[in-house]
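Containing PDB, C-alpha atoms, pLDDT in the B column: my_file_3.pdb.
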MODEL        1
ATOM      1  CA  MET A  46      14.608  23.018 102.026  1.00 69.00           C
ATOM      2  CA  LYS A  47      17.943  23.301 100.315  1.00 81.00           C
ATOM      3  CA  LEU A  48      20.574  25.588 101.781  1.00 86.00           C
ATOM      4  CA  SER A  49      23.037  27.465  99.650  1.00 93.00           C
ATOM      5  CA  THR A  50      26.798  27.616  99.952  1.00 95.00           C
ATOM      6  CA  LYS A  51      26.236  30.948 101.682  1.00 96.00           C
ATOM      7  CA  SER A  52      24.651  29.235 104.713  1.00 96.00           C
ATOM      8  CA  ASP A  53      27.135  26.372 104.686  1.00 96.00           C
ATOM      9  CA  TYR A  54      30.122  28.717 104.694  1.00 97.00           C
ATOM     10  CA  GLY A  55      28.514  31.170 107.115  1.00 97.00           C
ATOM     11  CA  VAL A  56      27.720  28.466 109.667  1.00 97.00           C
ATOM     12  CA  ARG A  57      31.200  26.967 109.325  1.00 97.00           C
ATOM     13  CA  ALA A  58      32.766  30.398 109.898  1.00 97.00           C
ATOM     14  CA  LEU A  59      30.692  30.897 113.048  1.00 97.00           C
ATOM     15  CA  ILE A  60      31.606  27.418 114.297  1.00 97.00           C
ATOM     16  CA  GLU A  61      35.259  28.302 113.811  1.00 95.00           C
ATOM     17  CA  LEU A  62      34.762  31.412 115.962  1.00 96.00           C
ATOM     18  CA  ALA A  63      32.908  29.339 118.573  1.00 96.00           C
ATOM     19  CA  LEU A  64      35.804  26.877 118.650  1.00 94.00           C
ATOM     20  CA  SER A  65      38.331  29.624 119.394  1.00 89.00           C
ATOM     21  CA  GLY A  66      36.671  30.144 122.782  1.00 74.00           C
ATOM     22  CA  ASP A  67      39.644  31.965 124.317  1.00 78.00           C
ATOM     23  CA  GLY A  68      38.251  35.430 123.650  1.00 79.00           C
ATOM     24  CA  ALA A  69      40.968  36.311 121.155  1.00 88.00           C
ATOM     25  CA  PRO A  70      39.861  37.579 117.732  1.00 94.00           C
ATOM     26  CA  VAL A  71      40.265  35.155 114.833  1.00 95.00           C
ATOM     27  CA  GLN A  72      41.579  36.563 111.583  1.00 95.00           C
ATOM     28  CA  ARG A  73      39.605  36.113 108.378  1.00 94.00           C
ATOM     29  CA  ALA A  74      42.527  34.356 106.663  1.00 95.00           C
ATOM     30  CA  GLU A  75      42.693  31.817 109.475  1.00 95.00           C
ATOM     31  CA  ILE A  76      38.962  31.045 109.242  1.00 96.00           C
ATOM     32  CA  ALA A  77      39.176  30.796 105.457  1.00 97.00           C
ATOM     33  CA  SER A  78      42.147  28.440 105.616  1.00 96.00           C
ATOM     34  CA  ARG A  79      40.709  26.142 108.274  1.00 94.00           C
ATOM     35  CA  GLN A  80      37.275  25.941 106.662  1.00 94.00           C
ATOM     36  CA  GLN A  81      38.414  26.105 103.030  1.00 95.00           C
ATOM     37  CA  ILE A  82      36.277  29.147 102.264  1.00 96.00           C
ATOM     38  CA  PRO A  83      37.438  31.684  99.655  1.00 96.00           C
ATOM     39  CA  GLU A  84      38.561  34.792 101.566  1.00 95.00           C
ATOM     40  CA  SER A  85      36.664  37.246  99.374  1.00 95.00           C
ATOM     41  CA  TYR A  86      33.432  35.300  99.872  1.00 96.00           C
ATOM     42  CA  LEU A  87      34.086  34.967 103.594  1.00 97.00           C
ATOM     43  CA  ASP A  88      34.620  38.724 103.813  1.00 95.00           C
ATOM     44  CA  HIS A  89      31.129  39.244 102.357  1.00 95.00           C
ATOM     45  CA  LEU A  90      29.587  36.709 104.771  1.00 96.00           C
ATOM     46  CA  LEU A  91      31.312  38.183 107.801  1.00 97.00           C
ATOM     47  CA  GLY A  92      30.022  41.608 106.796  1.00 96.00           C
ATOM     48  CA  GLN A  93      26.457  40.322 106.705  1.00 96.00           C
ATOM     49  CA  LEU A  94      26.883  38.432 109.984  1.00 97.00           C
ATOM     50  CA  ARG A  95      28.329  41.598 111.535  1.00 97.00           C
ATOM     51  CA  ARG A  96      25.356  43.696 110.343  1.00 97.00           C
ATOM     52  CA  ASP A  97      22.946  41.109 111.782  1.00 97.00           C
ATOM     53  CA  GLY A  98      24.708  41.073 115.158  1.00 97.00           C
ATOM     54  CA  PHE A  99      26.417  37.670 115.176  1.00 97.00           C
ATOM     55  CA  VAL A 100      30.030  38.847 114.974  1.00 97.00           C
ATOM     56  CA  ARG A 101      32.057  41.930 115.641  1.00 96.00           C
ATOM     57  CA  SER A 102      35.406  42.856 114.227  1.00 94.00           C
ATOM     58  CA  VAL A 103      38.475  44.120 115.996  1.00 93.00           C
ATOM     59  CA  ARG A 104      40.887  46.259 114.002  1.00 92.00           C
ATOM     60  CA  GLY A 105      44.620  46.502 114.232  1.00 88.00           C
ATOM     61  CA  PRO A 106      47.415  44.082 115.064  1.00 87.00           C
ATOM     62  CA  GLY A 107      45.979  40.985 116.642  1.00 85.00           C
ATOM     63  CA  GLY A 108      42.557  41.941 115.302  1.00 91.00           C
ATOM     64  CA  GLY A 109      40.010  39.716 113.690  1.00 94.00           C
ATOM     65  CA  HIS A 110      36.485  38.553 114.376  1.00 96.00           C
ATOM     66  CA  LEU A 111      34.643  37.522 117.535  1.00 96.00           C
ATOM     67  CA  LEU A 112      31.167  36.259 118.296  1.00 96.00           C
ATOM     68  CA  THR A 113      28.978  38.916 119.900  1.00 96.00           C
ATOM     69  CA  ARG A 114      27.392  36.432 122.338  1.00 96.00           C
ATOM     70  CA  GLU A 115      28.141  33.057 123.806  1.00 96.00           C
ATOM     71  CA  PRO A 116      27.817  30.228 121.242  1.00 96.00           C
ATOM     72  CA  ALA A 117      25.075  28.617 123.368  1.00 97.00           C
ATOM     73  CA  GLU A 118      22.973  31.768 122.857  1.00 97.00           C
ATOM     74  CA  MET A 119      23.085  31.621 119.046  1.00 97.00           C
ATOM     75  CA  CYS A 120      20.803  29.158 117.308  1.00 97.00           C
ATOM     76  CA  LEU A 121      21.142  27.756 113.827  1.00 97.00           C
ATOM     77  CA  LEU A 122      17.681  29.052 112.858  1.00 97.00           C
ATOM     78  CA  HIS A 123      18.663  32.698 113.323  1.00 97.00           C
ATOM     79  CA  VAL A 124      21.945  32.249 111.476  1.00 97.00           C
ATOM     80  CA  ILE A 125      20.252  30.620 108.481  1.00 96.00           C
ATOM     81  CA  GLU A 126      17.478  33.212 108.430  1.00 95.00           C
ATOM     82  CA  SER A 127      20.160  35.911 108.463  1.00 95.00           C
ATOM     83  CA  LEU A 128      21.973  34.389 105.510  1.00 96.00           C
ATOM     84  CA  GLU A 129      19.102  32.875 103.498  1.00 93.00           C
ATOM     85  CA  GLY A 130      15.907  34.585 104.603  1.00 90.00           C
ATOM     86  CA  SER A 131      12.845  32.599 105.564  1.00 89.00           C
ATOM     87  CA  VAL A 132      12.997  28.802 105.846  1.00 89.00           C
ATOM     88  CA  ALA A 133       9.328  28.576 104.808  1.00 85.00           C
ATOM     89  CA  PRO A 134       8.793  25.864 102.166  1.00 84.00           C
ATOM     90  CA  ILE A 135       6.159  28.014 100.388  1.00 81.00           C
ATOM     91  CA  ALA A 136       5.766  31.776 100.095  1.00 78.00           C
ATOM     92  CA  CYS A 137       2.372  32.014 101.813  1.00 78.00           C
ATOM     93  CA  LEU A 138       3.947  30.906 105.110  1.00 79.00           C
ATOM     94  CA  GLU A 139       6.534  33.679 105.082  1.00 75.00           C
ATOM     95  CA  GLU A 140       5.887  36.745 107.200  1.00 71.00           C
ATOM     96  CA  GLY A 141       3.382  38.871 105.315  1.00 63.00           C
ATOM     97  CA  GLY A 142       2.788  36.100 102.773  1.00 63.00           C
ATOM     98  CA  GLU A 143      -0.685  35.448 101.441  1.00 68.00           C
ATOM     99  CA  CYS A 144      -2.252  32.271 100.120  1.00 66.00           C
ATOM    100  CA  THR A 145      -3.407  32.553  96.514  1.00 69.00           C
ATOM    101  CA  HIS A 146      -6.124  29.938  97.061  1.00 64.00           C
ATOM    102  CA  ALA A 147      -9.586  30.607  98.386  1.00 66.00           C
ATOM    103  CA  PRO A 148     -10.092  29.589 102.042  1.00 64.00           C
ATOM    104  CA  GLY A 149     -10.419  25.829 102.301  1.00 66.00           C
ATOM    105  CA  GLU A 150      -9.075  25.153  98.795  1.00 71.00           C
ATOM    106  CA  CYS A 151      -5.412  24.642  99.719  1.00 73.00           C
ATOM    107  CA  VAL A 152      -5.657  21.024 100.846  1.00 77.00           C
ATOM    108  CA  GLN A 153      -1.913  20.543 101.360  1.00 80.00           C
ATOM    109  CA  CYS A 154      -1.407  23.702 103.447  1.00 79.00           C
ATOM    110  CA  TRP A 155      -1.292  21.750 106.719  1.00 80.00           C
ATOM    111  CA  VAL A 156       1.629  19.681 105.387  1.00 88.00           C
ATOM    112  CA  TRP A 157       3.700  22.781 104.590  1.00 86.00           C
ATOM    113  CA  GLU A 158       2.787  24.398 107.915  1.00 87.00           C
ATOM    114  CA  ASP A 159       3.895  21.280 109.825  1.00 91.00           C
ATOM    115  CA  ILE A 160       7.164  21.124 107.891  1.00 92.00           C
ATOM    116  CA  TYR A 161       7.797  24.824 108.456  1.00 91.00           C
ATOM    117  CA  GLU A 162       7.067  24.663 112.191  1.00 93.00           C
ATOM    118  CA  GLU A 163       9.163  21.520 112.685  1.00 95.00           C
ATOM    119  CA  THR A 164      12.058  22.983 110.684  1.00 94.00           C
ATOM    120  CA  ARG A 165      11.999  26.181 112.753  1.00 95.00           C
ATOM    121  CA  ARG A 166      11.744  24.213 115.995  1.00 97.00           C
ATOM    122  CA  ARG A 167      14.621  21.878 115.129  1.00 97.00           C
ATOM    123  CA  LEU A 168      16.943  24.604 113.852  1.00 97.00           C
ATOM    124  CA  GLY A 169      16.065  26.718 116.892  1.00 97.00           C
ATOM    125  CA  ASP A 170      17.097  23.863 119.189  1.00 98.00           C
ATOM    126  CA  ILE A 171      20.633  23.662 117.759  1.00 98.00           C
ATOM    127  CA  SER A 172      23.141  26.208 119.028  1.00 98.00           C
ATOM    128  CA  LEU A 173      26.597  27.107 117.773  1.00 97.00           C
ATOM    129  CA  ALA A 174      27.875  25.567 121.013  1.00 97.00           C
ATOM    130  CA  ASP A 175      26.227  22.246 120.053  1.00 97.00           C
ATOM    131  CA  LEU A 176      27.909  22.325 116.657  1.00 97.00           C
ATOM    132  CA  ALA A 177      31.292  23.312 118.116  1.00 96.00           C
ATOM    133  CA  ASP A 178      31.033  20.471 120.662  1.00 96.00           C
ATOM    134  CA  ARG A 179      30.352  18.023 117.835  1.00 95.00           C
ATOM    135  CA  VAL A 180      33.445  19.237 115.973  1.00 94.00           C
ATOM    136  CA  ARG A 181      35.554  18.842 119.136  1.00 92.00           C
ATOM    137  CA  ASP A 182      34.208  15.305 119.630  1.00 92.00           C
ATOM    138  CA  GLN A 183      35.009  14.403 116.021  1.00 90.00           C
ATOM    139  CA  ARG A 184      38.525  15.797 116.350  1.00 84.00           C
ATOM    140  CA  ARG A 185      39.102  13.839 119.574  1.00 85.00           C
ATOM    141  CA  GLY A 186      37.853  10.687 117.885  1.00 83.00           C
ATOM    142  CA  ALA A 187      40.133  11.231 114.898  1.00 71.00           C
ATOM    143  CA  ALA A 188      43.105  11.847 117.206  1.00 66.00           C
ATOM    144  CA  ALA A 189      42.324   8.716 119.226  1.00 65.00           C
ATOM    145  CA  ASN A 190      42.282   6.627 116.041  1.00 64.00           C
ATOM    146  CA  TYR A 191      45.598   7.982 114.753  1.00 57.00           C
ATOM    147  CA  SER A 192      48.491   5.581 114.768  1.00 56.00           C
ATOM    148  CA  ILE A 193      51.875   5.210 113.119  1.00 60.00           C
TER     149      ILE A 193
ENDMDL
END
Let me see the file written as structure tokens.
Amino acid sequence: MKLSTKSDYGVRALIELALSGDGAPVQRAEIASRQQIPESYLDHLLGQLRRDGFVRSVRGPGGGHLLTREPAEMCLLHVIESLEGSVAPIACLEEGGECTHAPGECVQCWVWEDIYEETRRRLGDISLADLADRVRDQRRGAAANYSI
């Protein structure tokens, strides 16, 4: 499975919102600057994430974007499926997909099914809170190693 820039940027934008944690909306320009994402592309991603229920926007002065739920309640699997579609390695494993081989002729099917199930399980186990915690830990480590 290879993820596109769309998923990379989308996940990084959501992590940035998870890191804010104070309940205040985060402006698009701030997310774009911190994560080095082009603002026009980020605007498109935030629109999709808003339609799929991951973020909401607040208009007006002091407005911006917020997560719709706690970061611990949002898993990486659902974010990637929102941005990319299915994580199935072959089309017949996607919802509604059909195998083009006769029953018993697809000898490698079990391999793709195992990969698909393990990928879904692993991505489902990782929350935005887990990713935000990792970023905080990295930042603390970088600050602890800073010297003049």
Please measure the separation of CA of Gln153 in chain A and CA of Gly130 in chain A, giving the value in Å to one decimal.
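Going from CA of Gln153 in chain A over to CA of Gly130 in chain A covers 22.9 Å.
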So which residues touch Ala174 in chain A within 12 Å, counting all atoms listed in the file, skipping near sequence neighbours fewer than 4 positions away, as a PyMOL selection string?
chain A and resi 56+59-66+112+114-121+170+178-181
Picked residues, the PyMOL selection byres ((chain A and resi 155-169) around 12), expected as a PyMOL selection string
chain A and resi 46-47+117-126+131-139+149-154+170-173+175-176
Gap from CA of Arg79 in chain A to CA of Thr50 in chain A - Å, one decimal
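Computing it gives 16.3 Å between the two atoms.
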Restricting the calculation to only C-alpha atoms, which member of A:Ala187, A:Ala177, A:Val100, A:Leu90 is positioned closest to Asp53 in chain A?
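Ranked by minimum distance to Asp53 in chain A, first place goes to A:Leu90.
In this model, the gap between CA of Asp67 in chain A and CA of Lys51 in chain A comes to 26.3 Å.
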Around the point (33.4, 39.7, 119.2) (coordinates from the file), which residues reach within 10 Å if we count all atoms listed in the file? Answer as an NGL selection string.
:A and (62 or 68-71 or 95 or 98-103 or 109-115)
Please produce a file of those selected residues containing C-alpha atoms, as a compact mmCIF listing (two decimals), in the frame of the given file.
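What ended up in result05.txt:
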# COMPACT_ATOMS: atom_id res chain seq x y z
CA LEU A 62 34.76 31.41 115.96
CA GLY A 68 38.25 35.43 123.65
CA ALA A 69 40.97 36.31 121.16
CA PRO A 70 39.86 37.58 117.73
CA VAL A 71 40.26 35.16 114.83
CA ARG A 95 28.33 41.60 111.54
CA GLY A 98 24.71 41.07 115.16
CA PHE A 99 26.42 37.67 115.18
CA VAL A 100 30.03 38.85 114.97
CA ARG A 101 32.06 41.93 115.64
CA SER A 102 35.41 42.86 114.23
CA VAL A 103 38.48 44.12 116.00
CA GLY A 109 40.01 39.72 113.69
CA HIS A 110 36.48 38.55 114.38
CA LEU A 111 34.64 37.52 117.54
CA LEU A 112 31.17 36.26 118.30
CA THR A 113 28.98 38.92 119.90
CA ARG A 114 27.39 36.43 122.34
CA GLU A 115 28.14 33.06 123.81
